[in-house]
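One file, query_16.cif, is given below (mmCIF, C-alpha atoms).
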```cif
data_model
loop_
_atom_site.group_PDB
_atom_site.id
_atom_site.type_symbol
_atom_site.label_atom_id
_atom_site.label_comp_id
_atom_site.auth_asym_id
_atom_site.auth_seq_id
_atom_site.Cartn_x
_atom_site.Cartn_y
_atom_site.Cartn_z
ATOM 1 C CA MET E 1 68.931 168.000 89.560
ATOM 2 C CA ASP E 2 69.778 170.808 91.977
ATOM 3 C CA LEU E 3 67.087 171.878 94.370
ATOM 4 C CA PRO E 4 65.885 175.461 94.045
ATOM 5 C CA SER E 5 67.602 177.686 96.580
ATOM 6 C CA SER E 6 64.748 180.172 96.908
ATOM 7 C CA ILE E 7 61.664 180.156 99.052
ATOM 8 C CA ILE E 8 58.585 180.820 96.917
ATOM 9 C CA GLY E 9 55.710 182.204 98.942
ATOM 10 C CA ASN E 10 55.893 180.589 102.360
ATOM 11 C CA PHE E 11 57.284 177.276 101.150
ATOM 12 C CA ASP E 12 60.893 176.365 101.872
ATOM 13 C CA TYR E 13 61.939 173.852 99.202
ATOM 14 C CA ARG E 14 65.360 173.211 100.729
ATOM 15 C CA LYS E 15 63.866 172.264 104.084
ATOM 16 C CA HIS E 16 61.149 170.101 102.527
ATOM 17 C CA PHE E 17 63.448 168.127 100.233
ATOM 18 C CA GLY E 18 66.624 168.424 102.278
ATOM 19 C CA GLU E 19 65.266 166.390 105.194
ATOM 20 C CA ILE E 20 64.141 163.401 103.150
ATOM 21 C CA GLN E 21 67.321 161.416 102.476
ATOM 22 C CA PRO E 22 69.046 162.147 105.825
ATOM 23 C CA LEU E 23 66.005 160.723 107.622
ATOM 24 C CA ALA E 24 65.794 157.773 105.228
ATOM 25 C CA ASP E 25 69.480 156.945 105.602
ATOM 26 C CA ALA E 26 69.253 157.100 109.391
ATOM 27 C CA LEU E 27 66.120 154.927 109.525
ATOM 28 C CA ARG E 28 66.765 152.313 106.834
ATOM 29 C CA GLU E 29 67.534 148.791 108.021
ATOM 30 C CA GLY E 30 69.583 147.806 104.989
ATOM 31 C CA GLU E 31 73.243 148.671 104.840
ATOM 32 C CA GLU E 32 72.661 149.852 101.296
ATOM 33 C CA ARG E 33 69.844 151.992 100.007
ATOM 34 C CA CYS E 34 66.998 150.019 98.456
ATOM 35 C CA TRP E 35 66.575 152.806 95.904
ATOM 36 C CA GLN E 36 68.752 154.639 93.445
ATOM 37 C CA SER E 37 68.830 158.397 93.115
ATOM 38 C CA ALA E 38 70.812 158.809 89.916
ATOM 39 C CA THR E 39 70.792 156.963 86.621
ATOM 40 C CA GLY E 40 74.190 156.112 85.220
ATOM 41 C CA ARG E 41 75.084 156.468 81.574
ATOM 42 C CA ASP E 42 73.458 153.825 79.381
ATOM 43 C CA PRO E 43 72.162 151.631 82.242
ATOM 44 C CA GLU E 44 71.275 147.995 81.705
ATOM 45 C CA PRO E 45 67.645 147.686 80.570
ATOM 46 C CA ARG E 46 65.083 146.612 83.165
ATOM 47 C CA ASP E 47 61.541 145.381 82.644
ATOM 48 C CA TYR E 48 60.095 147.863 85.122
ATOM 49 C CA VAL E 49 60.957 151.006 87.028
ATOM 50 C CA LEU E 50 59.512 151.260 90.540
ATOM 51 C CA TRP E 51 58.950 154.981 91.059
ATOM 52 C CA LEU E 52 59.079 155.504 94.812
ATOM 53 C CA GLY E 53 58.843 159.279 94.612
ATOM 54 C CA CYS E 54 60.211 161.518 97.360
ATOM 55 C CA ASN E 55 58.107 161.311 100.498
ATOM 56 C CA VAL E 56 57.897 157.541 100.920
ATOM 57 C CA LEU E 57 61.569 157.660 101.899
ATOM 58 C CA ARG E 58 60.545 159.431 105.106
ATOM 59 C CA THR E 59 58.886 156.125 106.058
ATOM 60 C CA VAL E 60 61.695 154.134 104.515
ATOM 61 C CA ASN E 61 60.532 150.793 105.941
ATOM 62 C CA LEU E 62 57.637 150.953 103.473
ATOM 63 C CA ALA E 63 60.037 151.497 100.587
ATOM 64 C CA GLU E 64 62.183 148.582 101.779
ATOM 65 C CA SER E 65 59.058 146.432 102.049
ATOM 66 C CA ILE E 66 57.682 147.100 98.569
ATOM 67 C CA VAL E 67 61.122 146.492 97.069
ATOM 68 C CA ALA E 68 61.327 143.179 98.954
ATOM 69 C CA ILE E 69 57.861 142.182 97.706
ATOM 70 C CA LEU E 70 58.747 142.781 94.055
ATOM 71 C CA GLU E 71 62.016 140.914 94.520
ATOM 72 C CA ALA E 72 60.116 137.973 96.049
ATOM 73 C CA MET E 73 57.860 138.014 92.973
ATOM 74 C CA GLY E 74 60.886 137.710 90.703
ATOM 75 C CA VAL E 75 60.247 141.049 88.974
ATOM 76 C CA ASP E 76 63.096 142.540 86.965
ATOM 77 C CA PHE E 77 63.052 146.163 88.122
ATOM 78 C CA VAL E 78 65.025 149.104 89.422
ATOM 79 C CA ALA E 79 63.747 151.333 92.244
ATOM 80 C CA LEU E 80 64.246 155.062 91.765
ATOM 81 C CA GLY E 81 63.357 157.632 94.398
ATOM 82 C CA GLY E 82 64.301 160.729 96.326
ATOM 83 C CA PRO E 83 64.369 164.392 95.300
ATOM 84 C CA ALA E 84 66.380 163.610 92.148
ATOM 85 C CA ASN E 85 63.310 161.717 90.906
ATOM 86 C CA CYS E 86 60.648 164.196 91.980
ATOM 87 C CA CYS E 87 57.374 164.499 90.062
ATOM 88 C CA GLY E 88 57.263 168.260 90.570
ATOM 89 C CA ILE E 89 53.869 168.432 92.268
ATOM 90 C CA VAL E 90 55.200 170.428 95.221
ATOM 91 C CA HIS E 91 56.437 173.103 92.837
ATOM 92 C CA TYR E 92 53.167 172.978 90.908
ATOM 93 C CA ARG E 93 51.180 173.593 94.091
ATOM 94 C CA ASN E 94 53.352 176.623 94.753
ATOM 95 C CA ASP E 95 52.699 178.010 91.242
ATOM 96 C CA ASP E 96 56.253 177.300 90.086
ATOM 97 C CA PHE E 97 55.058 175.637 86.892
ATOM 98 C CA THR E 98 58.317 175.987 84.959
ATOM 99 C CA GLN E 99 60.348 174.190 87.618
ATOM 100 C CA SER E 100 57.627 171.581 88.034
ATOM 101 C CA ALA E 101 57.690 170.726 84.326
ATOM 102 C CA ALA E 102 61.496 170.637 84.296
ATOM 103 C CA MET E 103 61.588 168.225 87.223
ATOM 104 C CA VAL E 104 59.107 165.754 85.795
ATOM 105 C CA ARG E 105 60.876 165.783 82.409
ATOM 106 C CA HIS E 106 64.188 165.099 84.170
ATOM 107 C CA THR E 107 62.632 162.270 86.170
ATOM 108 C CA TRP E 108 61.005 160.679 83.137
ATOM 109 C CA ARG E 109 64.326 160.718 81.294
ATOM 110 C CA ASN E 110 65.769 158.770 84.222
ATOM 111 C CA PHE E 111 63.044 156.176 83.787
ATOM 112 C CA THR E 112 63.213 155.817 80.033
ATOM 113 C CA ALA E 113 66.986 155.323 80.213
ATOM 114 C CA TYR E 114 66.169 151.784 81.436
ATOM 115 C CA ARG E 115 63.846 151.176 78.455
ATOM 116 C CA PRO E 116 61.185 149.636 80.721
ATOM 117 C CA LYS E 117 57.915 148.035 79.735
ATOM 118 C CA ALA E 118 56.176 150.238 82.296
ATOM 119 C CA VAL E 119 56.729 152.492 85.287
ATOM 120 C CA LEU E 120 55.177 151.320 88.571
ATOM 121 C CA THR E 121 54.032 154.328 90.565
ATOM 122 C CA TYR E 122 53.938 154.257 94.345
ATOM 123 C CA CYS E 123 52.981 157.745 95.503
ATOM 124 C CA PRO E 124 49.377 158.851 94.848
ATOM 125 C CA SER E 125 50.519 162.454 94.364
ATOM 126 C CA CYS E 126 53.026 161.420 91.683
ATOM 127 C CA HIS E 127 50.373 159.392 89.905
ATOM 128 C CA PHE E 128 47.852 162.239 90.115
ATOM 129 C CA HIS E 129 50.435 164.699 88.815
ATOM 130 C CA MET E 130 51.048 162.575 85.744
ATOM 131 C CA ASP E 131 47.323 161.912 85.174
ATOM 132 C CA GLU E 132 45.900 165.348 85.776
ATOM 133 C CA LEU E 133 48.511 168.095 85.816
ATOM 134 C CA GLN E 134 50.859 167.249 82.963
ATOM 135 C CA PRO E 135 49.641 168.301 79.493
ATOM 136 C CA PRO E 136 49.201 165.544 76.886
ATOM 137 C CA SER E 137 51.716 167.359 74.679
ATOM 138 C CA PHE E 138 54.486 166.096 76.974
ATOM 139 C CA GLY E 139 54.083 162.786 75.169
ATOM 140 C CA TYR E 140 55.215 160.151 77.699
ATOM 141 C CA ASP E 141 55.305 156.949 75.699
ATOM 142 C CA THR E 142 56.187 154.620 78.575
ATOM 143 C CA PRO E 143 52.980 153.434 80.277
ATOM 144 C CA TYR E 144 52.579 153.655 84.027
ATOM 145 C CA LEU E 145 50.329 151.979 86.574
ATOM 146 C CA HIS E 146 50.113 151.885 90.340
ATOM 147 C CA VAL E 147 52.169 149.153 91.978
ATOM 148 C CA THR E 148 49.111 147.762 93.806
ATOM 149 C CA GLU E 149 47.453 147.093 90.454
ATOM 150 C CA PHE E 150 50.629 145.447 89.169
ATOM 151 C CA ILE E 151 50.810 143.107 92.181
ATOM 152 C CA ALA E 152 47.083 142.336 92.202
ATOM 153 C CA GLU E 153 47.320 141.166 88.586
ATOM 154 C CA ARG E 154 50.132 138.755 89.498
ATOM 155 C CA LEU E 155 49.008 137.219 92.782
ATOM 156 C CA GLU E 156 50.198 133.800 91.648
ATOM 157 C CA ARG E 157 53.760 135.076 92.101
ATOM 158 C CA LEU E 158 53.213 135.680 95.821
ATOM 159 C CA ASN E 159 54.283 132.589 97.752
ATOM 160 C CA PHE E 160 52.610 133.103 101.103
ATOM 161 C CA VAL E 161 54.232 130.830 103.667
ATOM 162 C CA LYS E 162 52.809 132.210 106.901
ATOM 163 C CA PRO E 163 49.170 132.787 107.883
ATOM 164 C CA VAL E 164 48.480 136.253 109.291
ATOM 165 C CA ARG E 165 45.695 135.777 111.805
ATOM 166 C CA ARG E 166 44.432 139.293 112.219
ATOM 167 C CA LYS E 167 41.228 141.236 111.680
ATOM 168 C CA VAL E 168 42.139 144.303 109.649
ATOM 169 C CA ALA E 169 40.190 147.275 108.315
ATOM 170 C CA LEU E 170 41.577 148.746 105.094
ATOM 171 C CA HIS E 171 41.671 152.555 105.064
ATOM 172 C CA ALA E 172 41.084 153.316 101.382
ATOM 173 C CA HIS E 173 40.166 156.484 99.509
ATOM 174 C CA ASP E 174 37.576 156.724 96.760
ATOM 175 C CA ALA E 175 37.479 160.442 95.986
ATOM 176 C CA GLN E 176 38.693 159.766 92.444
ATOM 177 C CA PRO E 177 38.670 156.752 90.094
ATOM 178 C CA GLN E 178 42.409 156.088 90.491
ATOM 179 C CA GLN E 179 42.127 155.993 94.278
ATOM 180 C CA LYS E 180 39.172 153.625 94.020
ATOM 181 C CA LYS E 181 41.211 151.378 91.739
ATOM 182 C CA ASP E 182 44.184 151.424 94.145
ATOM 183 C CA GLY E 183 41.928 150.491 97.053
ATOM 184 C CA GLU E 184 40.329 147.631 95.134
ATOM 185 C CA ALA E 185 43.746 146.273 94.133
ATOM 186 C CA THR E 186 45.025 146.478 97.714
ATOM 187 C CA LEU E 187 41.928 144.717 99.020
ATOM 188 C CA LYS E 188 42.452 141.932 96.478
ATOM 189 C CA ILE E 189 46.059 141.518 97.625
ATOM 190 C CA LEU E 190 45.116 141.356 101.305
ATOM 191 C CA GLN E 191 42.253 138.931 100.664
ATOM 192 C CA ALA E 192 44.806 136.504 99.217
ATOM 193 C CA ILE E 193 46.765 136.345 102.502
ATOM 194 C CA PRO E 194 45.908 133.147 104.420
ATOM 195 C CA GLY E 195 44.344 133.720 107.832
ATOM 196 C CA LEU E 196 43.719 137.434 107.303
ATOM 197 C CA GLU E 197 40.203 138.799 107.781
ATOM 198 C CA VAL E 198 39.928 142.123 106.003
ATOM 199 C CA ALA E 199 37.144 144.628 105.428
ATOM 200 C CA GLU E 200 37.316 147.892 103.520
ATOM 201 C CA LEU E 201 36.700 151.346 104.968
ATOM 202 C CA ARG E 202 35.595 153.939 102.412
ATOM 203 C CA ASP E 203 34.625 157.095 104.202
ATOM 204 C CA GLY E 204 33.594 159.474 101.444
ATOM 205 C CA ALA E 205 34.909 162.436 99.543
ATOM 206 C CA ASP E 206 35.968 164.423 102.607
ATOM 207 C CA TRP E 207 39.049 162.216 102.871
ATOM 208 C CA GLY E 208 40.337 163.426 99.495
ATOM 209 C CA ARG E 209 42.835 161.499 97.383
ATOM 210 C CA HIS E 210 44.919 160.585 100.410
ATOM 211 C CA CYS E 211 45.806 161.996 103.828
ATOM 212 C CA TYR E 212 48.305 164.649 102.829
ATOM 213 C CA PRO E 213 49.026 168.077 104.402
ATOM 214 C CA VAL E 214 47.510 170.247 101.672
ATOM 215 C CA HIS E 215 44.167 168.449 101.840
ATOM 216 C CA ILE E 216 44.179 168.445 105.645
ATOM 217 C CA GLN E 217 44.799 172.187 105.633
ATOM 218 C CA GLN E 218 41.975 172.749 103.150
ATOM 219 C CA LEU E 219 39.577 170.566 105.118
ATOM 220 C CA GLY E 220 40.602 172.002 108.482
ATOM 221 C CA ARG E 221 42.640 170.184 111.104
ATOM 222 C CA GLU E 222 39.749 170.036 113.570
ATOM 223 C CA ARG E 223 37.428 168.401 111.043
ATOM 224 C CA PHE E 224 40.138 166.010 109.867
ATOM 225 C CA ASP E 225 41.061 164.936 113.404
ATOM 226 C CA ALA E 226 37.398 164.267 114.138
ATOM 227 C CA MET E 227 37.221 162.020 111.066
ATOM 228 C CA VAL E 228 40.333 160.147 112.181
ATOM 229 C CA ASP E 229 38.950 159.651 115.679
ATOM 230 C CA GLU E 230 35.700 158.363 114.208
ATOM 231 C CA MET E 231 37.644 155.930 111.998
ATOM 232 C CA PHE E 232 39.598 154.472 114.914
ATOM 233 C CA ARG E 233 36.572 154.334 117.219
ATOM 234 C CA GLY E 234 34.592 152.529 114.530
ATOM 235 C CA ALA E 235 37.382 150.005 113.983
ATOM 236 C CA GLN E 236 37.650 149.430 117.723
ATOM 237 C CA ALA E 237 33.906 148.916 118.101
ATOM 238 C CA ALA E 238 33.886 146.445 115.211
ATOM 239 C CA GLY E 239 36.641 144.364 116.816
ATOM 240 C CA PHE E 240 39.439 145.142 114.348
ATOM 241 C CA ASP E 241 42.930 144.902 115.810
ATOM 242 C CA ALA E 242 44.515 146.972 113.039
ATOM 243 C CA ILE E 243 43.806 149.520 110.333
ATOM 244 C CA ALA E 244 45.888 149.094 107.194
ATOM 245 C CA THR E 245 46.576 152.009 104.862
ATOM 246 C CA VAL E 246 47.029 151.884 101.116
ATOM 247 C CA TYR E 247 49.263 154.955 100.955
ATOM 248 C CA HIS E 248 52.432 155.944 102.775
ATOM 249 C CA SER E 249 51.036 159.445 103.420
ATOM 250 C CA CYS E 250 48.111 158.003 105.405
ATOM 251 C CA TYR E 251 50.506 155.732 107.290
ATOM 252 C CA ARG E 252 52.716 158.672 108.205
ATOM 253 C CA GLU E 253 49.761 160.779 109.295
ATOM 254 C CA HIS E 254 48.015 158.151 111.440
ATOM 255 C CA CYS E 255 50.693 155.746 112.689
ATOM 256 C CA ALA E 256 50.956 157.356 116.147
ATOM 257 C CA LYS E 257 47.217 157.724 116.698
ATOM 258 C CA GLY E 258 45.940 154.202 117.157
ATOM 259 C CA ALA E 259 47.518 153.595 120.546
ATOM 260 C CA ARG E 260 44.715 155.355 122.419
ATOM 261 C CA TYR E 261 42.167 152.995 120.842
ATOM 262 C CA GLY E 262 44.150 149.776 120.991
ATOM 263 C CA VAL E 263 44.005 149.565 117.186
ATOM 264 C CA GLU E 264 47.379 149.341 115.449
ATOM 265 C CA LEU E 265 48.023 151.326 112.296
ATOM 266 C CA VAL E 266 49.966 149.419 109.627
ATOM 267 C CA ASN E 267 50.490 149.626 105.891
ATOM 268 C CA TYR E 268 49.355 146.845 103.592
ATOM 269 C CA VAL E 269 52.970 146.011 102.705
ATOM 270 C CA ASP E 270 53.627 145.074 106.346
ATOM 271 C CA LEU E 271 51.000 142.341 106.111
ATOM 272 C CA VAL E 272 52.261 141.111 102.745
ATOM 273 C CA THR E 273 55.899 140.825 103.835
ATOM 274 C CA GLU E 274 54.847 139.042 107.011
ATOM 275 C CA ALA E 275 52.855 136.489 105.008
ATOM 276 C CA LEU E 276 55.786 136.035 102.619
ATOM 277 C CA GLY E 277 58.070 135.304 105.567
ATOM 278 C CA ILE E 278 60.374 138.218 104.768
ATOM 279 C CA GLY E 279 59.209 140.687 107.352
ATOM 280 C CA PRO E 280 57.646 142.801 108.525
ATOM 281 C CA PHE E 281 60.448 145.348 108.493
ATOM 282 C CA ARG E 282 60.989 147.230 111.725
ATOM 283 C CA GLU E 283 58.701 150.260 111.851
ATOM 284 C CA SER E 284 61.238 152.663 113.290
ATOM 285 C CA TYR E 285 59.354 155.714 112.046
ATOM 286 C CA LYS E 286 56.216 154.611 113.896
ATOM 287 C CA GLU E 287 58.163 153.826 117.061
ATOM 288 C CA LEU E 288 59.664 157.317 117.137
ATOM 289 C CA ALA E 289 56.356 158.963 116.267
ATOM 290 C CA LEU E 290 54.667 157.119 119.135
ATOM 291 C CA ALA E 291 57.398 158.201 121.546
ATOM 292 C CA GLY E 292 56.926 161.848 120.567
ATOM 293 C CA ASP E 293 60.370 163.053 121.654
ATOM 294 C CA PRO E 294 62.281 164.688 118.789
ATOM 295 C CA GLU E 295 65.565 165.095 120.667
ATOM 296 C CA ALA E 296 65.511 161.494 121.878
ATOM 297 C CA ALA E 297 64.762 160.434 118.298
ATOM 298 C CA PHE E 298 67.787 162.349 117.067
ATOM 299 C CA GLU E 299 70.053 160.783 119.676
ATOM 300 C CA ALA E 300 68.728 157.305 118.908
ATOM 301 C CA LEU E 301 69.459 157.778 115.205
ATOM 302 C CA ARG E 302 72.786 159.577 115.630
ATOM 303 C CA PRO E 303 75.128 156.512 115.786
ATOM 304 C CA ARG E 304 73.797 155.009 112.560
ATOM 305 C CA ALA E 305 73.660 158.433 110.944
ATOM 306 C CA GLU E 306 77.284 159.166 111.791
ATOM 307 C CA ALA E 307 78.375 155.763 110.480
ATOM 308 C CA ARG E 308 76.595 156.524 107.197
ATOM 309 C CA GLN E 309 77.884 160.103 107.013
ATOM 310 C CA VAL E 310 74.400 161.577 107.218
ATOM 311 C CA ASN E 311 74.073 165.347 107.522
ATOM 312 C CA LEU E 312 73.336 165.668 111.241
ATOM 313 C CA LYS E 313 71.938 169.179 111.002
ATOM 314 C CA LYS E 314 69.379 168.042 108.443
ATOM 315 C CA LEU E 315 68.627 164.936 110.491
ATOM 316 C CA ARG E 316 67.930 167.020 113.599
ATOM 317 C CA GLU E 317 65.584 169.214 111.566
ATOM 318 C CA ALA E 318 63.836 166.090 110.290
ATOM 319 C CA THR E 319 63.299 164.653 113.771
ATOM 320 C CA GLN E 320 61.832 167.991 114.884
ATOM 321 C CA THR E 321 59.448 167.918 111.919
ATOM 322 C CA HIS E 322 58.360 164.303 112.116
ATOM 323 C CA PHE E 323 58.471 163.340 115.788
ATOM 324 C CA PRO E 324 57.016 166.306 117.698
ATOM 325 C CA PRO E 325 55.831 165.895 121.309
ATOM 326 C CA ARG E 326 52.598 163.943 121.429
ATOM 327 C CA GLY E 327 49.495 166.080 121.117
ATOM 328 C CA LYS E 328 51.160 168.659 118.849
#
```
Exercise: express the given structure as structure tokens:
Amino acid sequence: MDLPSSIIGNFDYRKHFGEIQPLADALREGEERCWQSATGRDPEPRDYVLWLGCNVLRTVNLAESIVAILEAMGVDFVALGGPANCCGIVHYRNDDFTQSAAMVRHTWRNFTAYRPKAVLTYCPSCHFHMDELQPPSFGYDTPYLHVTEFIAERLERLNFVKPVRRKVALHAHDAQPQQKKDGEATLKILQAIPGLEVAELRDGADWGRHCYPVHIQQLGRERFDAMVDEMFRGAQAAGFDAIATVYHSCYREHCAKGARYGVELVNYVDLVTEALGIGPFRESYKELALAGDPEAAFEALRPRAEARQVNLKKLREATQTHFPPRGK
């Protein structure tokens, strides 16, 4: 599906969506994408569709990790992601309801082409959009559930071969029932990892559904930053060496902030892949965010980007957006 060329209000759709895949292609470790953008004609049926959404590809190591986890579990699935499989929530938030509905219908047709038993959601915004913002008259017959719930119900398929001897605090959200369910499923997964000591952080409704820009703007950056500082200080005082996030949005928002407290920020998939002996995948996004030098980030990514024929202009814009000087 073509991206809209216009800017509605103050939101530039082309910039928002146009930076995603160039950054993902420059950061990904695999020679091939771990996700598909398009669905071919009459594709071979798969038991499940893993719906990565758009924004997780900015932190592509998380997408590579969750794909590797499902593969290790022996799940028959296809991973679909990127702007061609958008849920439409960005357009909905900008009052472009017609385009939003068109995008989610297009995306769901991509999914149902595989005739799956269920769709496994990854992004909390995608899941919320389907639960709350799409009218029942749309009539999506294929069930969907969050991938953490899917994994937690099949823990016997996880063959942990390596103890992970860490003390980790789980940053979970409980503003809504779905977020509470996702946090409980993630906690169950982490509790199954040998050697891992894990406790759950649930910090109240002010955190919202997840740590995403719209909520941060509504809450106020000063208030949000104070909450984040309090979270890291509390984890440090309690002797945790890491905070693990459930969602990729929280990971992206906080990954550069733990250094000052000596508390690493990870995502739960990093711990799972490590215990499975298939990772963790290199956290290139976090490394560049910690460095806080957008031009150096661009130059570091340029060789791989050129080899993969990535749009360098879009990549430079992405590094400016995602890896600003520290403190900004």
List the residues matched by the PyMOL selection byres ((chain E and resi 30) around 12) in the displayed structure as a list in words, ordered by chain and then by residue number. Ala24, Asp25, Ala26, Leu27, Arg28, Glu29, Glu31, Glu32, Arg33, Cys34, Trp35, Val60, Asn61, Ala63, Glu64, Ser65, Val67, Ala68, Phe281, Arg282, Arg304 and Arg308 of chain E
Please indicate the distance in Å from atom CA of E:Gln176 to atom CA of E:Lys117, rounded to one decimal place.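 Separating atom CA of E:Gln176 from atom CA of E:Lys117 is a distance of 25.9 Å.
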Report as an NGL selection string the full result of the PyMOL selection byres ((chain E and resi 319) around 12) when it is applied to this structure. :E and (19-20 or 22-24 or 26-27 or 58 or 285 or 288-289 or 291-302 or 312-318 or 320-325)
Step by step, gather every atom of stretch 222-233 of chain E that the file lists, find the box along x, y and z that holds them, add 4 Å on each side, and finally give centre and edge lengths in Å to one decimal, as JSON.
```
{"center_x": 38.4, "center_y": 162.2, "center_z": 113.5, "size_x": 13.4, "size_y": 23.7, "size_z": 15.4}
```
Among listed residues E:Asn110, E:Ser125, E:Thr245, E:Thr39, nearest E:Thr186 (using all atoms listed in the file): E:Thr245
Point out the residue among E:Cys54, E:Val214, E:Ala172, E:Val164 with the least atom-to-atom distance to E:Glu197, counting only C-alpha atoms.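 Going through E:Cys54, E:Val214, E:Ala172, E:Val164 one by one, the smallest distance to E:Glu197 is for E:Val164.
The nearest approach to E:Gly204 among the residues E:Ala237, E:Leu290, E:Met231, E:Ala185, with only C-alpha atoms taken into account, belongs to E:Met231.
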Give me the residues near E:Gly195 as an NGL selection string, where near means some atom within 12 Å (using all atoms listed in the file) and where sequence neighbours in that chain fewer than 6 positions away do not count. :E and (160-168 or 271-272 or 274-275)
Quick one: residues within 10 Å of E:Asn85, only C-alpha atoms counted, chain neighbours fewer than 6 positions away excluded, as a list in words?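 The filter keeps Met1, Gln36, Ser37, Ala38, Thr39, Trp51, Leu52, Gly53, Cys54, Met103, Val104, Arg105, His106, Thr107, Trp108, Arg109, Asn110 and Phe111 of chain E.
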